[in-house]
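Printed here is upload.txt (compact mmCIF, C-alpha atoms):
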```
# COMPACT_ATOMS: atom_id res chain seq x y z
CA MET A 7 62.60 186.72 93.44
CA ALA A 8 65.31 185.26 95.67
CA SER A 9 65.08 186.20 99.28
CA ASN A 10 67.28 188.77 100.90
CA PRO A 11 70.82 187.34 101.22
CA MET A 12 71.10 188.95 104.65
CA GLN A 13 68.01 187.17 105.89
CA GLN A 14 70.07 184.12 106.83
CA PHE A 15 71.70 186.16 109.57
CA THR A 16 68.54 187.14 111.41
CA VAL A 17 68.33 186.00 114.99
CA GLN A 18 65.02 184.61 116.15
CA ARG A 19 63.84 183.61 119.55
CA ILE A 20 63.18 179.94 120.12
CA GLY A 21 60.90 179.03 122.98
CA PRO A 22 59.88 181.32 125.80
CA GLU A 23 61.27 184.75 126.40
CA ILE A 24 63.85 184.80 129.16
CA ASN A 25 64.13 188.18 130.73
CA ILE A 26 66.58 188.68 133.55
CA ALA A 27 66.81 192.12 135.18
CA GLY A 28 65.30 193.77 132.15
CA VAL A 29 67.79 192.13 129.77
CA ASP A 30 66.47 189.80 127.09
CA LEU A 31 68.49 186.57 127.35
CA SER A 32 66.11 184.43 125.30
CA PHE A 33 67.29 181.23 123.68
CA THR A 34 67.66 182.00 119.98
CA ASN A 35 68.68 180.17 116.84
CA ALA A 36 72.17 181.60 117.43
CA SER A 37 72.22 180.00 120.87
CA LEU A 38 70.91 176.78 119.39
CA PHE A 39 73.77 176.58 116.91
CA MET A 40 76.29 177.43 119.62
CA VAL A 41 74.91 174.49 121.59
CA ILE A 42 74.95 172.28 118.48
CA SER A 43 78.58 173.20 117.70
CA ALA A 44 79.67 172.62 121.29
CA THR A 45 77.79 169.31 121.36
CA VAL A 46 79.44 168.19 118.13
CA ILE A 47 82.86 169.11 119.53
CA ILE A 48 82.23 167.24 122.75
CA LEU A 49 80.85 164.24 120.88
CA PHE A 50 83.85 164.27 118.56
CA LEU A 51 86.32 164.48 121.43
CA PHE A 52 84.40 161.89 123.44
CA LEU A 53 84.44 159.38 120.59
CA GLY A 54 88.00 160.37 119.73
CA SER A 55 89.33 159.69 123.20
CA LYS A 56 87.04 156.82 124.22
CA GLU A 57 89.25 153.99 123.07
CA LYS A 58 92.84 154.41 124.07
CA LYS A 59 94.38 152.43 121.30
CA ILE A 60 98.06 152.37 120.44
CA ILE A 61 97.05 152.26 116.79
CA PRO A 62 94.21 154.80 116.63
CA ASN A 63 91.02 154.50 114.63
CA LYS A 64 90.07 157.33 112.30
CA LEU A 65 88.20 159.45 114.81
CA GLN A 66 90.86 159.02 117.47
CA LEU A 67 93.47 159.95 114.90
CA ILE A 68 91.61 163.14 113.98
CA ALA A 69 91.18 164.09 117.64
CA GLU A 70 94.86 163.48 118.32
CA MET A 71 95.86 165.34 115.18
CA SER A 72 93.83 168.38 116.23
CA TYR A 73 95.48 168.17 119.64
CA THR A 74 98.99 168.06 118.21
CA PHE A 75 98.08 170.69 115.62
CA VAL A 76 97.03 173.21 118.26
CA ALA A 77 99.86 172.20 120.59
CA LYS A 78 102.40 172.76 117.82
CA MET A 79 100.79 176.07 116.88
CA ILE A 80 101.09 177.30 120.47
CA SER A 81 104.65 176.11 121.02
CA ASP A 82 105.73 177.58 117.67
CA THR A 83 104.25 181.03 118.27
CA ALA A 84 104.20 181.51 122.05
CA GLY A 85 106.77 179.04 123.34
CA SER A 86 106.64 176.77 126.37
CA LYS A 87 105.36 179.51 128.70
CA ALA A 88 101.98 179.38 126.94
CA ARG A 89 101.49 175.74 127.95
CA PRO A 90 98.91 176.55 130.70
CA TYR A 91 96.73 178.35 128.13
CA PHE A 92 96.64 175.38 125.80
CA PRO A 93 93.14 174.19 126.87
CA PHE A 94 91.72 177.65 126.29
CA ILE A 95 93.26 178.06 122.86
CA PHE A 96 92.28 174.52 121.91
CA SER A 97 88.66 175.19 122.99
CA LEU A 98 88.68 178.50 121.17
CA PHE A 99 90.03 176.99 117.95
CA MET A 100 87.62 174.07 118.07
CA PHE A 101 84.65 176.31 118.88
CA VAL A 102 85.32 178.77 116.08
CA LEU A 103 86.15 175.97 113.63
CA PHE A 104 83.03 173.98 114.41
CA CYS A 105 80.79 177.07 114.41
CA ASN A 106 82.16 177.95 110.97
CA MET A 107 81.80 174.39 109.69
CA VAL A 108 78.31 173.87 111.10
CA GLY A 109 77.43 177.18 109.42
CA MET A 110 78.40 175.65 106.08
CA LEU A 111 75.52 173.19 106.29
CA PRO A 112 72.46 174.34 104.33
CA TYR A 113 69.67 175.94 106.41
CA SER A 114 71.99 176.29 109.37
CA PHE A 115 73.02 179.45 111.16
CA THR A 116 76.57 180.72 111.33
CA VAL A 117 77.25 181.83 114.88
CA THR A 118 80.57 183.46 113.99
CA SER A 119 78.97 185.67 111.35
CA HIS A 120 77.69 187.91 114.14
CA ILE A 121 79.90 190.77 115.23
CA ILE A 122 78.70 190.57 118.81
CA VAL A 123 79.85 186.95 119.14
CA THR A 124 83.30 187.53 117.69
CA LEU A 125 83.64 190.80 119.57
CA VAL A 126 82.90 189.16 122.91
CA MET A 127 85.53 186.52 122.20
CA ALA A 128 88.07 189.07 120.98
CA LEU A 129 87.44 191.41 123.92
CA PHE A 130 87.81 188.55 126.35
CA ILE A 131 91.12 187.58 124.74
CA PHE A 132 92.29 191.20 124.67
CA ILE A 133 91.46 191.84 128.32
CA ALA A 134 92.82 188.48 129.46
CA VAL A 135 96.08 188.98 127.55
CA THR A 136 96.49 192.48 128.96
CA ILE A 137 95.89 191.24 132.50
CA ILE A 138 98.35 188.36 131.97
CA GLY A 139 100.92 190.83 130.66
CA PHE A 140 100.58 193.09 133.69
CA ILE A 141 100.66 190.13 136.10
CA LYS A 142 103.80 188.71 134.49
CA HIS A 143 105.73 191.94 134.00
CA GLY A 144 104.06 194.64 136.09
CA PHE A 145 104.41 198.11 134.66
CA LYS A 146 107.27 196.93 132.51
CA TYR A 147 104.54 195.50 130.28
CA LEU A 148 103.99 199.06 129.02
CA SER A 149 107.38 198.77 127.29
CA ILE A 150 105.50 196.80 124.63
CA PHE A 151 104.56 200.24 123.24
CA VAL A 152 108.18 201.37 123.06
CA PRO A 153 110.06 199.28 120.54
CA SER A 154 113.82 199.19 120.94
CA GLY A 155 116.19 200.43 118.25
CA VAL A 156 113.93 203.30 117.14
CA PRO A 157 115.49 206.77 116.67
CA ALA A 158 114.53 209.15 119.48
CA VAL A 159 112.85 211.54 117.05
CA LEU A 160 110.45 208.88 115.86
CA LEU A 161 109.82 207.39 119.28
CA PRO A 162 106.69 209.43 120.24
CA LEU A 163 105.09 208.73 116.90
CA ILE A 164 105.94 205.03 117.00
CA THR A 165 104.62 204.79 120.54
CA ILE A 166 101.31 206.32 119.53
CA ILE A 167 101.06 203.97 116.57
CA GLU A 168 101.87 201.01 118.81
CA ILE A 169 99.18 202.02 121.31
CA ILE A 170 96.61 202.41 118.55
CA SER A 171 97.54 199.07 117.03
CA TYR A 172 97.38 197.39 120.44
CA LEU A 173 93.94 198.88 121.17
CA SER A 174 92.64 197.96 117.72
CA ARG A 175 93.50 194.28 118.28
CA PRO A 176 90.05 193.24 119.52
CA VAL A 177 88.39 195.12 116.67
CA SER A 178 90.59 193.64 113.95
CA LEU A 179 90.36 190.17 115.48
CA SER A 180 86.58 190.21 115.71
CA VAL A 181 85.85 192.03 112.45
CA ARG A 182 88.17 189.72 110.49
CA LEU A 183 86.26 186.63 111.49
CA PHE A 184 82.81 188.17 111.36
CA ALA A 185 83.34 189.88 108.00
CA ASN A 186 84.84 186.79 106.40
CA MET A 187 82.00 184.58 107.50
CA MET A 188 79.30 187.08 106.61
CA ALA A 189 80.76 187.91 103.21
CA GLY A 190 81.18 184.25 102.30
CA HIS A 191 77.67 183.30 103.27
CA THR A 192 76.18 186.34 101.61
CA MET A 193 78.05 185.55 98.41
CA LEU A 194 76.85 181.94 98.51
CA LYS A 195 73.30 183.15 98.97
CA VAL A 196 73.57 185.65 96.12
CA PHE A 197 74.88 183.05 93.72
CA GLY A 198 72.21 180.63 94.92
CA GLY A 199 69.64 183.31 94.13
CA PHE A 200 71.12 183.66 90.62
CA VAL A 201 70.73 179.94 90.04
CA VAL A 202 67.04 180.16 90.87
CA SER A 203 66.33 183.32 88.90
CA LEU A 204 68.29 182.27 85.80
CA GLY A 205 66.51 178.95 85.74
CA ILE A 206 67.41 175.79 83.90
CA LEU A 207 68.98 177.61 80.94
CA GLY A 208 71.35 180.12 82.53
CA GLY A 209 71.58 178.79 86.02
CA TRP A 210 74.44 176.42 85.39
CA LEU A 211 77.15 179.03 85.49
CA PRO A 212 76.24 180.53 88.88
CA LEU A 213 75.67 176.96 90.09
CA SER A 214 79.23 176.02 89.22
CA PHE A 215 80.37 179.22 90.92
CA SER A 216 78.32 178.21 93.93
CA VAL A 217 80.03 174.83 94.04
CA ALA A 218 83.47 176.41 93.80
CA LEU A 219 82.55 179.01 96.41
CA THR A 220 81.37 176.29 98.79
CA GLY A 221 84.81 174.73 98.58
CA LEU A 222 86.39 178.11 99.10
CA GLU A 223 84.13 178.83 102.07
CA ILE A 224 85.10 175.55 103.72
CA LEU A 225 88.71 176.59 103.31
CA VAL A 226 87.92 180.03 104.70
CA ALA A 227 86.06 178.46 107.62
CA PHE A 228 89.15 176.51 108.58
CA LEU A 229 91.53 179.33 107.79
CA GLN A 230 89.66 181.91 109.86
CA ALA A 231 89.50 179.58 112.85
CA TYR A 232 93.24 179.01 112.45
CA VAL A 233 93.93 182.74 112.10
CA PHE A 234 91.79 183.51 115.13
CA ALA A 235 93.66 180.96 117.22
CA ILE A 236 97.11 181.87 115.99
CA LEU A 237 96.53 185.59 116.55
CA THR A 238 95.47 184.77 120.08
CA CYS A 239 98.75 182.87 120.44
CA ILE A 240 100.71 185.82 119.10
CA TYR A 241 99.02 188.25 121.50
CA LEU A 242 99.69 185.79 124.30
CA ASN A 243 103.31 185.58 123.21
CA ASP A 244 103.60 189.37 123.45
CA ALA A 245 102.26 189.23 126.99
CA LEU A 246 104.37 186.26 128.09
CA ASN A 247 107.69 186.92 126.41
CA LEU A 248 108.33 190.62 126.58
CA HIS A 249 111.17 191.23 124.16
CA HIS A 250 110.74 194.40 122.28
CA MET B 9 83.41 185.55 80.36
CA LYS B 10 83.33 189.33 79.98
CA SER B 11 79.75 189.34 78.76
CA PHE B 12 78.84 187.18 81.72
CA LEU B 13 80.44 189.67 84.09
CA ASN B 14 78.50 192.54 82.48
CA PHE B 15 75.38 190.50 82.85
CA LEU B 16 76.23 189.80 86.45
CA ILE B 17 76.73 193.46 87.25
CA ALA B 18 73.41 194.33 85.64
CA PHE B 19 71.75 191.53 87.56
CA VAL B 20 73.19 192.68 90.87
CA ALA B 21 72.14 196.23 90.09
CA ILE B 22 68.56 195.11 89.53
CA ASN B 23 68.53 192.91 92.57
CA THR B 24 69.99 195.50 94.96
CA GLU B 25 66.85 197.54 94.44
CA LEU B 26 64.83 194.61 95.68
CA PHE B 27 67.21 194.00 98.54
CA ALA B 28 67.06 197.65 99.52
CA ALA B 29 63.60 197.08 100.88
CA GLU B 30 65.06 195.04 103.70
CA ALA B 31 68.44 196.69 103.71
CA GLY B 32 70.64 196.51 106.75
CA MET B 33 72.51 193.85 108.58
CA PRO B 34 70.76 191.78 111.22
CA GLN B 35 74.15 191.69 112.96
CA LEU B 36 73.78 195.36 113.86
CA ASP B 37 70.36 194.91 115.43
CA PRO B 38 71.05 195.06 119.17
CA THR B 39 67.88 193.23 120.25
CA TYR B 40 69.60 189.91 120.87
CA TRP B 41 73.14 191.08 121.54
CA ALA B 42 72.88 190.44 125.26
CA SER B 43 71.32 187.07 124.61
CA GLN B 44 74.05 186.07 122.16
CA ALA B 45 76.82 187.21 124.47
CA PHE B 46 75.21 185.45 127.42
CA TRP B 47 74.73 182.15 125.57
CA LEU B 48 78.19 182.37 124.05
CA ILE B 49 79.79 182.79 127.47
CA LEU B 50 77.66 180.00 128.94
CA VAL B 51 78.24 177.52 126.13
CA PHE B 52 81.92 178.34 125.78
CA THR B 53 82.53 178.06 129.52
CA ILE B 54 80.90 174.62 129.61
CA LEU B 55 82.85 173.59 126.53
CA TYR B 56 86.12 174.89 127.99
CA ILE B 57 85.63 173.13 131.32
CA SER B 58 84.67 169.80 129.76
CA ILE B 59 87.54 169.98 127.26
CA SER B 60 90.20 171.00 129.75
CA LYS B 61 89.02 168.67 132.53
CA PHE B 62 88.09 165.54 130.60
CA TYR B 63 89.08 165.32 127.00
CA LEU B 64 92.48 166.97 126.75
CA PRO B 65 93.99 164.96 129.64
CA LYS B 66 92.62 161.80 128.07
CA ILE B 67 94.07 162.59 124.65
CA LYS B 68 97.36 163.69 126.22
CA ASP B 69 97.53 160.45 128.22
CA ASN B 70 96.98 158.45 125.11
CA LEU B 71 99.58 160.39 123.13
CA ASP B 72 102.11 160.03 125.96
CA ASN B 73 101.35 156.34 126.20
CA ARG B 74 101.97 155.89 122.54
CA GLU B 75 105.16 157.93 122.65
CA ASN B 76 106.45 155.91 125.60
CA LYS B 77 105.50 152.68 123.89
CA ILE B 78 107.29 153.71 120.72
CA LYS B 79 110.34 154.80 122.71
CA GLU B 80 110.34 151.55 124.64
CA ASP B 81 109.94 149.51 121.48
CA LEU B 82 112.72 151.42 119.80
CA GLU B 83 115.00 150.87 122.78
CA ASN B 84 114.16 147.19 122.77
CA ALA B 85 114.78 147.00 119.06
CA ASN B 86 118.14 148.68 119.50
CA LYS B 87 119.02 146.31 122.32
CA PHE B 88 118.07 143.31 120.23
CA LYS B 89 120.00 144.68 117.32
CA GLU B 90 123.10 145.10 119.45
CA GLU B 91 122.64 141.64 120.85
CA SER B 92 122.27 140.12 117.44
CA GLU B 93 125.30 142.02 116.22
CA ALA B 94 127.34 140.68 119.13
CA LYS B 95 126.06 137.19 118.37
CA LEU B 96 126.98 137.62 114.74
CA LYS B 97 130.48 138.75 115.74
CA GLU B 98 130.79 135.74 118.01
CA TYR B 99 129.59 133.46 115.29
CA ASN B 100 132.05 134.97 112.82
CA SER B 101 134.95 134.58 115.22
CA ILE B 102 133.94 130.97 115.86
CA LEU B 103 133.76 130.40 112.15
CA GLU B 104 137.18 132.00 111.70
CA ASN B 105 138.68 129.88 114.43
CA ALA B 106 137.12 126.78 112.98
CA LYS B 107 138.59 127.61 109.59
CA LYS B 108 142.03 128.06 111.15
CA GLU B 109 141.58 124.78 113.01
CA ILE B 110 140.65 123.04 109.80
CA LEU B 111 143.72 124.38 108.05
CA LYS B 112 145.90 123.32 110.94
CA ILE B 113 144.40 119.84 111.10
CA HIS B 114 144.67 119.52 107.37
CA PHE B 115 148.30 120.56 107.39
CA GLU B 116 149.14 118.34 110.34
CA SER B 117 147.44 115.29 108.96
CA LYS B 118 149.07 115.86 105.64
CA SER B 119 152.54 116.10 107.16
CA THR B 120 152.01 113.04 109.37
CA LEU B 121 150.69 111.16 106.40
CA ASP B 122 153.69 112.21 104.35
CA LYS B 123 156.02 111.15 107.12
CA ASP B 124 154.19 107.88 107.46
CA ILE B 125 154.38 107.22 103.77
CA GLN B 126 158.05 108.13 103.74
CA SER B 127 158.89 105.83 106.60
CA LYS B 128 156.79 103.00 105.16
CA LYS B 129 158.52 103.49 101.85
CA GLU B 130 161.94 103.41 103.46
CA SER B 131 161.22 100.28 105.46
CA MET B 132 159.75 98.67 102.38
CA GLU B 133 162.87 99.48 100.40
CA LYS B 134 165.08 98.06 103.15
CA GLU B 135 162.97 94.94 103.21
CA ILE B 136 163.23 94.59 99.49
CA GLU B 137 167.00 95.05 99.62
CA ARG B 138 167.26 92.46 102.33
CA GLU B 139 165.18 90.06 100.34
CA ILE B 140 167.33 90.63 97.29
CA LEU B 141 170.49 90.01 99.25
CA LYS B 142 169.05 86.83 100.70
CA ALA B 143 168.01 85.64 97.31
CA GLN B 144 171.44 86.40 95.87
CA LYS B 145 173.09 84.47 98.71
CA GLU B 146 170.74 81.58 98.15
CA ILE B 147 171.50 81.62 94.46
CA SER B 148 175.27 81.61 95.01
CA GLU B 149 174.95 78.83 97.58
CA LEU B 150 172.81 76.90 95.20
CA LYS B 151 175.43 77.38 92.54
CA LYS B 152 178.21 76.09 94.83
CA ASN B 153 176.14 73.12 95.85
CA SER B 154 175.26 72.35 92.30
CA ILE B 155 178.97 72.41 91.35
CA SER B 156 179.84 69.76 93.98
CA SER B 157 176.90 67.59 93.04
CA ILE B 158 177.81 67.99 89.36
CA GLN B 159 181.35 66.90 90.25
CA ILE B 160 180.03 63.81 92.03
CA ILE B 161 177.67 62.97 89.18
CA SER B 162 180.27 63.56 86.53
CA GLY B 163 182.76 61.38 88.53
CA SER B 164 180.42 58.43 88.66
CA ILE B 165 179.49 58.89 85.00
CA VAL B 166 183.15 59.06 83.94
CA SER B 167 184.04 55.92 85.98
CA ASN B 168 181.11 54.07 84.52
CA ILE B 169 182.04 55.08 80.96
CA ILE B 170 185.67 54.07 81.41
CA GLU B 171 184.62 50.77 83.04
CA ASN B 172 182.29 49.96 80.20
CA ILE B 173 184.83 50.81 77.51
CA SER B 174 187.96 49.34 79.02
CA GLY B 175 186.44 46.87 81.43
CA ASP B 176 188.86 48.00 84.07
CA LYS B 177 187.90 49.43 87.31
CA LEU B 178 189.76 52.66 87.80
CA ASN B 179 190.72 54.19 91.04
CA GLU B 180 187.87 56.40 92.02
CA SER B 181 189.94 58.83 93.97
CA SER B 182 192.17 59.59 91.01
CA ILE B 183 189.09 60.29 88.85
CA LYS B 184 187.69 62.56 91.48
CA ALA B 185 190.94 64.46 91.70
CA THR B 186 191.07 64.83 87.92
CA ILE B 187 187.47 66.14 87.76
CA GLU B 188 188.14 68.54 90.57
CA ASP B 189 191.22 69.72 88.76
CA ILE B 190 189.25 70.27 85.49
CA SER B 191 186.31 71.88 87.15
CA LYS B 192 188.61 74.23 89.04
CA LYS B 193 190.22 75.18 85.73
CA ASN B 194 186.82 75.80 84.12
CA MET B 195 185.07 77.20 87.17
CA ASN B 196 185.22 80.68 85.77
CA LYS B 197 183.32 79.57 82.67
CA PHE B 198 180.33 78.39 84.76
CA LEU B 199 180.17 80.92 87.46
```
As structure tokens - that is how I would like this structure written.
Amino acid sequence: MASNPMQQFTVQRIGPEINIAGVDLSFTNASLFMVISATVIILFLFLGSKEKKIIPNKLQLIAEMSYTFVAKMISDTAGSKARPYFPFIFSLFMFVLFCNMVGMLPYSFTVTSHIIVTLVMALFIFIAVTIIGFIKHGFKYLSIFVPSGVPAVLLPLITIIEIISYLSRPVSLSVRLFANMMAGHTMLKVFGGFVVSLGILGGWLPLSFSVALTGLEILVAFLQAYVFAILTCIYLNDALNLHH
Amino acid sequence: MKSFLNFLIAFVAINTELFAAEAGMPQLDPTYWASQAFWLILVFTILYISISKFYLPKIKDNLDNRENKIKEDLENANKFKEESEAKLKEYNSILENAKKEILKIHFESKSTLDKDIQSKKESMEKEIEREILKAQKEISELKKNSISSIQIISGSIVSNIIENISGDKLNESSIKATIEDISKKNMNKFL
């Protein structure tokens, strides 16, 4: 029988156990694929920016396109004030994208399919955006919870809803990415298991599904990285341009 | 399609029992949470620093370079275009002037030629008239001369004839006078 479709998400220690102050910080397969993704990004950007040609080669073109893509995304959603945060959002987008894409390779591990990873990123973004908002606007930043043009009767209710929605940002941001990646990979595994168990006679149908799903998952991998980055931009926009 | 879906549901139902043995998500096992968070922060920090310090400035430089180059080239192209347009205008005006000049020269030369021909024609006509007059004078002179010489010849002939017939020598002056008298009478017949 096909193996457990959740088995692909198990984290295993690689090498010696690293224990600092009673906390297990061992190098795992998750860490390995983080390192691989980061290395691929750095290699890609290194090769893409090595030759400064007026007419770029393919790799340089892709690197420059990703640069302009993220730059345009930031200026469209958060305006010119978000310019200093461009390197962070670019790194974030590239990291999530490459983690998702590396996860699409067979026998690899999808870093972003772990709630703890996406939650750490989302919490960092949430806390950073909140701090930026308070630095830029002081206590006036709290007016983000009080939308203008709302009838006075509804104002307490709306304010509560706004606070809840603001606080749920890190959860929705992290769960969206994690759930999408996990569901996709689980589904691929399940259909892969069908191919094996149905054999040469019946396996063709789930195989074709598998092929289609792989295409879909590549789309989802890109889309979720894009959504993650653009939501970060939108949160940043709320903190930078306070116009409620 | 529907039968396949039914089959699929049945299949999943059977399989879930097998999966149930190892049910649960590894994501919710907190054993390596600290490790994952730690390595994520470490790797991402290194990635962020290397991207923001090395690669983004490089890519930005290159993009700016290209943009400047394109702008420069476009400006140059515009300059050259304007220049060539000015040159074309100049050329057209020169061409126009040249055409006018040609027309003028053509007209002038034509009129001078006409004048020349006219004057030549006039002088030629005058010449011809003069020649005609001269010839007429010559002819009339010749006629007069011929009349006197005819008179002389006829006088000698008449005296000879009379001498031969009568044997007398007549007075020549009387013969001459007679001939002159006759010729004067008949002058209008000859001239």
Using all atoms listed in the file, I'd like a table of the residues in chain B that come within 8 Å of chain A; for each, show the closest atom pair and its distance in Å rounded to one decimal, ordered by chain and ascending number, as a tab-separated table.
```
residue	atom	partner	partner_atom	distance
B:Phe27	CA	A:Asn10	CA	5.7
B:Glu30	CA	A:Asn10	CA	7.2
B:Gly32	CA	A:Met12	CA	7.9
B:Met33	CA	A:Met12	CA	6.4
B:Pro34	CA	A:Thr16	CA	5.1
B:Gln35	CA	A:His120	CA	5.3
B:Leu36	CA	A:Ile121	CA	7.8
B:Thr39	CA	A:Asp30	CA	7.8
B:Tyr40	CA	A:Asp30	CA	7.0
B:Trp41	CA	A:Ile122	CA	6.2
B:Ala42	CA	A:Leu31	CA	6.2
B:Ser43	CA	A:Leu31	CA	4.0
B:Gln44	CA	A:Ser37	CA	6.5
B:Ala45	CA	A:Val123	CA	6.1
B:Phe46	CA	A:Leu31	CA	6.8
B:Trp47	CA	A:Ser37	CA	5.7
B:Leu48	CA	A:Met40	CA	6.9
B:Val51	CA	A:Val41	CA	6.4
B:Phe52	CA	A:Ala44	CA	7.6
B:Leu55	CA	A:Ala44	CA	6.2
B:Tyr56	CA	A:Ser97	CA	5.6
B:Ser58	CA	A:Ile48	CA	7.9
B:Ile59	CA	A:Ser97	CA	6.8
B:Ser60	CA	A:Pro93	CA	5.2
B:Tyr63	CA	A:Leu51	CA	6.3
B:Leu64	CA	A:Pro93	CA	7.3
B:Lys66	CA	A:Ser55	CA	6.2
B:Ile67	CA	A:Ser55	CA	5.7
B:Asn70	CA	A:Lys58	CA	5.9
B:Leu71	CA	A:Glu70	CA	7.4
B:Asn73	CA	A:Ile60	CA	7.7
B:Arg74	CA	A:Ile60	CA	5.7
```
Any chance you could export the current selection's C-alpha atoms as a PDB file, keeping the file's coordinate frame?
```
ATOM      1  CA  PHE B  27      67.210 194.000  98.540  1.00  0.00           C
ATOM      2  CA  GLU B  30      65.060 195.040 103.700  1.00  0.00           C
ATOM      3  CA  GLY B  32      70.640 196.510 106.750  1.00  0.00           C
ATOM      4  CA  MET B  33      72.510 193.850 108.580  1.00  0.00           C
ATOM      5  CA  PRO B  34      70.760 191.780 111.220  1.00  0.00           C
ATOM      6  CA  GLN B  35      74.150 191.690 112.960  1.00  0.00           C
ATOM      7  CA  LEU B  36      73.780 195.360 113.860  1.00  0.00           C
ATOM      8  CA  THR B  39      67.880 193.230 120.250  1.00  0.00           C
ATOM      9  CA  TYR B  40      69.600 189.910 120.870  1.00  0.00           C
ATOM     10  CA  TRP B  41      73.140 191.080 121.540  1.00  0.00           C
ATOM     11  CA  ALA B  42      72.880 190.440 125.260  1.00  0.00           C
ATOM     12  CA  SER B  43      71.320 187.070 124.610  1.00  0.00           C
ATOM     13  CA  GLN B  44      74.050 186.070 122.160  1.00  0.00           C
ATOM     14  CA  ALA B  45      76.820 187.210 124.470  1.00  0.00           C
ATOM     15  CA  PHE B  46      75.210 185.450 127.420  1.00  0.00           C
ATOM     16  CA  TRP B  47      74.730 182.150 125.570  1.00  0.00           C
ATOM     17  CA  LEU B  48      78.190 182.370 124.050  1.00  0.00           C
ATOM     18  CA  VAL B  51      78.240 177.520 126.130  1.00  0.00           C
ATOM     19  CA  PHE B  52      81.920 178.340 125.780  1.00  0.00           C
ATOM     20  CA  LEU B  55      82.850 173.590 126.530  1.00  0.00           C
ATOM     21  CA  TYR B  56      86.120 174.890 127.990  1.00  0.00           C
ATOM     22  CA  SER B  58      84.670 169.800 129.760  1.00  0.00           C
ATOM     23  CA  ILE B  59      87.540 169.980 127.260  1.00  0.00           C
ATOM     24  CA  SER B  60      90.200 171.000 129.750  1.00  0.00           C
ATOM     25  CA  TYR B  63      89.080 165.320 127.000  1.00  0.00           C
ATOM     26  CA  LEU B  64      92.480 166.970 126.750  1.00  0.00           C
ATOM     27  CA  LYS B  66      92.620 161.800 128.070  1.00  0.00           C
ATOM     28  CA  ILE B  67      94.070 162.590 124.650  1.00  0.00           C
ATOM     29  CA  ASN B  70      96.980 158.450 125.110  1.00  0.00           C
ATOM     30  CA  LEU B  71      99.580 160.390 123.130  1.00  0.00           C
ATOM     31  CA  ASN B  73     101.350 156.340 126.200  1.00  0.00           C
ATOM     32  CA  ARG B  74     101.970 155.890 122.540  1.00  0.00           C
TER      33      ARG B  74
END
```
Out of B:Met195, B:Leu178, B:Ala143, B:Leu111, which residue has the shortest atom-to-atom distance to B:Gln159 when counting only C-alpha atoms?
->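 Residue with the minimum atom-to-atom distance to B:Gln159: B:Met195.
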Using all atoms listed in the file, collect all residues at a distance of at most 12 Å from (185.6, 72.6, 88.8) as written in the file, then present them as an NGL selection string.
-> :B and (151-160 or 162-163 or 184-199)
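With atom CA of A:Phe151 on one side and atom CA of A:Ile166 on the other, the separation reads 7.8 Å.
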How far is it from atom CA of A:Phe104 to atom CA of A:Phe75, in Å with one decimal?
-> 15.5 Å
Write out as a PyMOL selection string the residues lying within 7 Å of stretch 81-83 of chain A, counting only C-alpha atoms and excluding same-chain residues fewer than 4 positions away.
-> chain A and resi 77+239-240+243
Let me have the centre and edge lengths of the axis-aligned box enclosing all listed atoms of stretch 125-134 of chain B with 5 Å padding on every side, in Å to one decimal, as lines of an AutoDock Vina configuration file.
```
center_x = 159.7
center_y = 103.1
center_z = 103.5
size_x = 20.7
size_y = 20.1
size_z = 16.2
```
Which polymer residues have any atom within 7 Å of an atom of stretch 133-145 of chain A, counting all atoms listed in the file, with same-chain residues fewer than 2 positions away left out, as a VMD selection string?
-> chain A and resid 129 to 131 147 to 148 241 to 242 245 to 246
Export of prior selection with C-alpha atoms as a compact mmCIF listing (two decimals), in the coordinates of the input:
```
# COMPACT_ATOMS: atom_id res chain seq x y z
CA LEU A 129 87.44 191.41 123.92
CA PHE A 130 87.81 188.55 126.35
CA ILE A 131 91.12 187.58 124.74
CA TYR A 147 104.54 195.50 130.28
CA LEU A 148 103.99 199.06 129.02
CA TYR A 241 99.02 188.25 121.50
CA LEU A 242 99.69 185.79 124.30
CA ALA A 245 102.26 189.23 126.99
CA LEU A 246 104.37 186.26 128.09
```
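For the pair atom CA of B:Asp81 and atom CA of B:Phe62, the interatomic distance is 28.6 Å.
Closest approach to A:Val76 from the set A:Val159, A:Ile164, A:Ala128, A:Ala235 is made by A:Ala235, with distances taken over all atoms listed in the file.
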Surrounding residues of A:Thr165 excluding itself and chain neighbours under 4 positions, 12 Å, all atoms listed in the file, as a count of residues only | 17
